[in-house]
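Student: Quick one: the structure is below, questions incoming.
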Amino acid sequence: MNIRRMTLEDIPAVVALDKLSFTLPWPERSFRFELTDNPSSRCWVYELDGQIVGMIVAWMLVDEAHIATISTHPDHRRQGIARQLLTHALRYMSREGAVSSFLEVRENNTAARDMYGKFGYEESGRRKRYYKDTNEDAILMTLTGLKDMIG
């Protein structure tokens with residue numbers, strides 16, 4: 001596995017990846033905050049041949065693992081990178097005491113929704129017009145029984 005903790009030196013590559021992946025990317029200061037000032041934050045990158053091709057930011061909130069963002073470089077999608085990142089994060093946070101996980105995903109992001117479904121995430125709600133660029137709804141997804149599933 002090529003997963004390691006994100007560092008401050010990774011931020012330019014992570015920001016570039018985020019811009020390739022999302023129409024509302026996080027600003028650089030947000031990733032910097034996650035690494036330096038947010039004690040709830042857990043950040044990892046997936047490195048392939050010296051290049052960062054995937055990343056995940058998750059928050060440990062009491063006993064819940066909240067997936068804040070996850071992305072894979074467009075040239076490396078459908079190769080299991082996001083699945084490996086999510087598995088890594090959930091295992092790590094389960095060992096820290098997480099018993100459930102939740103996230104928001106764009107309603108039309110069927111690839112991500114399918115992947116989350118394979119992990120056992122289920123739709124648990126909807127945030128109307130959550131994404132300001134398109135007014136698209138966010139689907140809330142929840143995974144319960146994390147300790148039993150990830151172990």
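The way I read the labels, and the way they are meant: chains A, B, ... in the order of the structure tokens, residue 1 as the first residue of every chain, and ligand 1 as the first ligand shown, with later ones counted on from there.
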As a PyMOL selection string, which residues of chain A does DSSP assign to strand (DSSP E or B)?

Tutor: chain A and resi 3-5+41-48+51-61+64-72+100-106+122-131+136-143

Student: Where in stretch 8-89 of chain A does DSSP assign helix (DSSP H, G or I), given as a PyMOL selection string?

Tutor: chain A and resi 8-21+28-36+74-76+81-89

Student: Excluding A:Pro74 and any residue of its chain fewer than 2 positions from it, enumerate the residues within 10 Å of it, using only C-alpha atoms, and give them as a PyMOL selection string.

Tutor: chain A and resi 17+20-21+53-54+71-72+76-78

Student: Using all heavy atoms, can you export the residues from the last selection as a PDB file, in the first residue's frame?

Tutor:
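File produced: out-v1.pdb:
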```pdb
ATOM      1  N   LEU A  17      -4.739  18.315  -6.947  1.00  0.00           N
ATOM      2  CA  LEU A  17      -5.618  17.147  -7.085  1.00  0.00           C
ATOM      3  C   LEU A  17      -7.067  17.523  -6.792  1.00  0.00           C
ATOM      4  O   LEU A  17      -7.984  17.132  -7.516  1.00  0.00           O
ATOM      5  CB  LEU A  17      -5.152  16.033  -6.147  1.00  0.00           C
ATOM      6  CG  LEU A  17      -6.048  14.806  -6.026  1.00  0.00           C
ATOM      7  CD1 LEU A  17      -6.204  14.104  -7.362  1.00  0.00           C
ATOM      8  CD2 LEU A  17      -5.482  13.856  -4.975  1.00  0.00           C
ATOM      9  N   LEU A  20      -8.625  19.300  -9.671  1.00  0.00           N
ATOM     10  CA  LEU A  20      -8.954  18.386 -10.770  1.00  0.00           C
ATOM     11  C   LEU A  20     -10.200  17.565 -10.470  1.00  0.00           C
ATOM     12  O   LEU A  20     -10.881  17.107 -11.389  1.00  0.00           O
ATOM     13  CB  LEU A  20      -7.793  17.407 -11.014  1.00  0.00           C
ATOM     14  CG  LEU A  20      -6.566  17.945 -11.712  1.00  0.00           C
ATOM     15  CD1 LEU A  20      -5.462  16.892 -11.683  1.00  0.00           C
ATOM     16  CD2 LEU A  20      -6.894  18.337 -13.151  1.00  0.00           C
ATOM     17  N   SER A  21     -10.491  17.380  -9.198  1.00  0.00           N
ATOM     18  CA  SER A  21     -11.542  16.458  -8.784  1.00  0.00           C
ATOM     19  C   SER A  21     -12.889  17.110  -8.526  1.00  0.00           C
ATOM     20  O   SER A  21     -13.921  16.456  -8.664  1.00  0.00           O
ATOM     21  CB  SER A  21     -11.103  15.710  -7.520  1.00  0.00           C
ATOM     22  OG  SER A  21      -9.925  14.986  -7.765  1.00  0.00           O
ATOM     23  N   VAL A  53      -1.668  10.718  -5.972  1.00  0.00           N
ATOM     24  CA  VAL A  53      -2.784  10.456  -6.887  1.00  0.00           C
ATOM     25  C   VAL A  53      -4.105  10.269  -6.140  1.00  0.00           C
ATOM     26  O   VAL A  53      -5.140  10.060  -6.770  1.00  0.00           O
ATOM     27  CB  VAL A  53      -2.501   9.240  -7.802  1.00  0.00           C
ATOM     28  CG1 VAL A  53      -1.292   9.527  -8.709  1.00  0.00           C
ATOM     29  CG2 VAL A  53      -2.288   7.968  -6.991  1.00  0.00           C
ATOM     30  N   GLY A  54      -4.051  10.341  -4.815  1.00  0.00           N
ATOM     31  CA  GLY A  54      -5.270  10.230  -4.027  1.00  0.00           C
ATOM     32  C   GLY A  54      -5.061  10.863  -2.669  1.00  0.00           C
ATOM     33  O   GLY A  54      -3.924  11.002  -2.205  1.00  0.00           O
ATOM     34  N   SER A  71     -10.505  12.008  -2.774  1.00  0.00           N
ATOM     35  CA  SER A  71     -10.439  12.118  -4.229  1.00  0.00           C
ATOM     36  C   SER A  71      -9.286  11.300  -4.784  1.00  0.00           C
ATOM     37  O   SER A  71      -8.324  10.993  -4.087  1.00  0.00           O
ATOM     38  CB  SER A  71     -10.314  13.581  -4.667  1.00  0.00           C
ATOM     39  OG  SER A  71      -9.087  14.116  -4.262  1.00  0.00           O
ATOM     40  N   THR A  72      -9.438  10.976  -6.058  1.00  0.00           N
ATOM     41  CA  THR A  72      -8.425  10.260  -6.824  1.00  0.00           C
ATOM     42  C   THR A  72      -8.183  11.042  -8.106  1.00  0.00           C
ATOM     43  O   THR A  72      -9.130  11.554  -8.715  1.00  0.00           O
ATOM     44  CB  THR A  72      -8.911   8.835  -7.176  1.00  0.00           C
ATOM     45  OG1 THR A  72      -9.231   8.141  -5.969  1.00  0.00           O
ATOM     46  CG2 THR A  72      -7.855   8.051  -7.931  1.00  0.00           C
ATOM     47  N   HIS A  76      -6.242   8.048 -12.623  1.00  0.00           N
ATOM     48  CA  HIS A  76      -6.056   6.842 -11.807  1.00  0.00           C
ATOM     49  C   HIS A  76      -7.358   6.347 -11.175  1.00  0.00           C
ATOM     50  O   HIS A  76      -7.316   5.551 -10.226  1.00  0.00           O
ATOM     51  CB  HIS A  76      -5.007   7.109 -10.725  1.00  0.00           C
ATOM     52  CG  HIS A  76      -3.658   7.415 -11.294  1.00  0.00           C
ATOM     53  ND1 HIS A  76      -2.780   6.440 -11.710  1.00  0.00           N
ATOM     54  CD2 HIS A  76      -3.053   8.607 -11.555  1.00  0.00           C
ATOM     55  CE1 HIS A  76      -1.685   7.010 -12.190  1.00  0.00           C
ATOM     56  NE2 HIS A  76      -1.827   8.324 -12.107  1.00  0.00           N
ATOM     57  N   ARG A  77      -8.467   6.802 -11.672  1.00  0.00           N
ATOM     58  CA  ARG A  77      -9.755   6.370 -11.120  1.00  0.00           C
ATOM     59  C   ARG A  77     -10.077   4.958 -11.576  1.00  0.00           C
ATOM     60  O   ARG A  77      -9.543   4.452 -12.554  1.00  0.00           O
ATOM     61  CB  ARG A  77     -10.855   7.351 -11.532  1.00  0.00           C
ATOM     62  CG  ARG A  77     -10.661   8.684 -10.828  1.00  0.00           C
ATOM     63  CD  ARG A  77     -11.807   9.629 -11.004  1.00  0.00           C
ATOM     64  NE  ARG A  77     -11.485  10.867 -10.291  1.00  0.00           N
ATOM     65  CZ  ARG A  77     -11.832  12.067 -10.691  1.00  0.00           C
ATOM     66  NH1 ARG A  77     -12.548  12.222 -11.775  1.00  0.00           N
ATOM     67  NH2 ARG A  77     -11.477  13.121  -9.992  1.00  0.00           N
ATOM     68  N   ARG A  78     -10.962   4.326 -10.813  1.00  0.00           N
ATOM     69  CA  ARG A  78     -11.411   2.958 -11.082  1.00  0.00           C
ATOM     70  C   ARG A  78     -10.278   1.943 -10.933  1.00  0.00           C
ATOM     71  O   ARG A  78     -10.277   0.892 -11.566  1.00  0.00           O
ATOM     72  CB  ARG A  78     -12.040   2.838 -12.479  1.00  0.00           C
ATOM     73  CG  ARG A  78     -13.258   3.708 -12.692  1.00  0.00           C
ATOM     74  CD  ARG A  78     -14.440   3.035 -12.123  1.00  0.00           C
ATOM     75  NE  ARG A  78     -15.671   3.721 -12.441  1.00  0.00           N
ATOM     76  CZ  ARG A  78     -16.786   3.513 -11.781  1.00  0.00           C
ATOM     77  NH1 ARG A  78     -16.817   2.649 -10.798  1.00  0.00           N
ATOM     78  NH2 ARG A  78     -17.875   4.148 -12.098  1.00  0.00           N
TER      79      ARG A  78
END
```

Student: Identify which of the residues A:Cys43, A:Leu35, A:Ile70, A:Ile56 lies closest to A:Arg5, counting only C-alpha atoms when measuring atom-to-atom distances.

Tutor: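 Among the listed residues, the smallest separation from A:Arg5 belongs to A:Cys43.
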
Student: Within 10 Å of A:Thr23, counting only C-alpha atoms, which residues qualify if same-chain residues fewer than 2 places away don't, as a tab-separated table (two decimals) with N, CA, C and O atoms, in the first residue's frame?

Tutor:
```
chain	number	residue	atom	x	y	z
A	18	ASP	N	-7.27	18.30	-5.75
A	18	ASP	CA	-8.62	18.73	-5.38
A	18	ASP	C	-9.26	19.55	-6.50
A	18	ASP	O	-10.44	19.38	-6.80
A	19	LYS	N	-8.48	20.41	-7.13
A	19	LYS	CA	-8.99	21.23	-8.24
A	19	LYS	C	-9.37	20.38	-9.44
A	19	LYS	O	-10.32	20.69	-10.16
A	20	LEU	N	-8.63	19.30	-9.67
A	20	LEU	CA	-8.95	18.39	-10.77
A	20	LEU	C	-10.20	17.56	-10.47
A	20	LEU	O	-10.88	17.11	-11.39
A	21	SER	N	-10.49	17.38	-9.20
A	21	SER	CA	-11.54	16.46	-8.78
A	21	SER	C	-12.89	17.11	-8.53
A	21	SER	O	-13.92	16.46	-8.66
A	25	PRO	N	-13.42	23.14	-5.07
A	25	PRO	CA	-12.28	22.62	-4.30
A	25	PRO	C	-12.03	23.42	-3.04
A	25	PRO	O	-12.42	24.58	-2.93
A	26	TRP	N	-11.38	22.75	-2.09
A	26	TRP	CA	-10.98	23.43	-0.86
A	26	TRP	C	-9.83	24.38	-1.17
A	26	TRP	O	-8.93	24.05	-1.96
A	131	TYR	N	-24.77	21.96	-2.53
A	131	TYR	CA	-23.63	22.37	-3.35
A	131	TYR	C	-23.98	23.65	-4.09
A	131	TYR	O	-24.84	23.66	-4.97
A	132	LYS	N	-23.31	24.72	-3.73
A	132	LYS	CA	-23.68	26.05	-4.20
A	132	LYS	C	-23.40	26.27	-5.69
A	132	LYS	O	-24.02	27.13	-6.31
A	133	ASP	N	-22.48	25.50	-6.27
A	133	ASP	CA	-22.17	25.71	-7.69
A	133	ASP	C	-23.30	25.23	-8.61
A	133	ASP	O	-23.50	25.78	-9.68
A	134	THR	N	-24.01	24.19	-8.19
A	134	THR	CA	-25.07	23.60	-9.03
A	134	THR	C	-26.41	23.52	-8.32
A	134	THR	O	-27.39	23.07	-8.94
```

Student: Nearest to A:Phe119: which of A:Arg83, A:Arg91, A:Arg106, A:Lys147 is it, counting only C-alpha atoms?

Tutor: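 Of A:Arg83, A:Arg91, A:Arg106, A:Lys147, the one nearest A:Phe119 is A:Arg83, counting only C-alpha atoms.
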
Student: Just to confirm, what's the straight-line distance from atom CA of A:Lys128 to atom CA of A:Tyr116 in Å (one decimal)?

Tutor: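 Value for the atom CA of A:Lys128-atom CA of A:Tyr116 distance: 20.1 Å.
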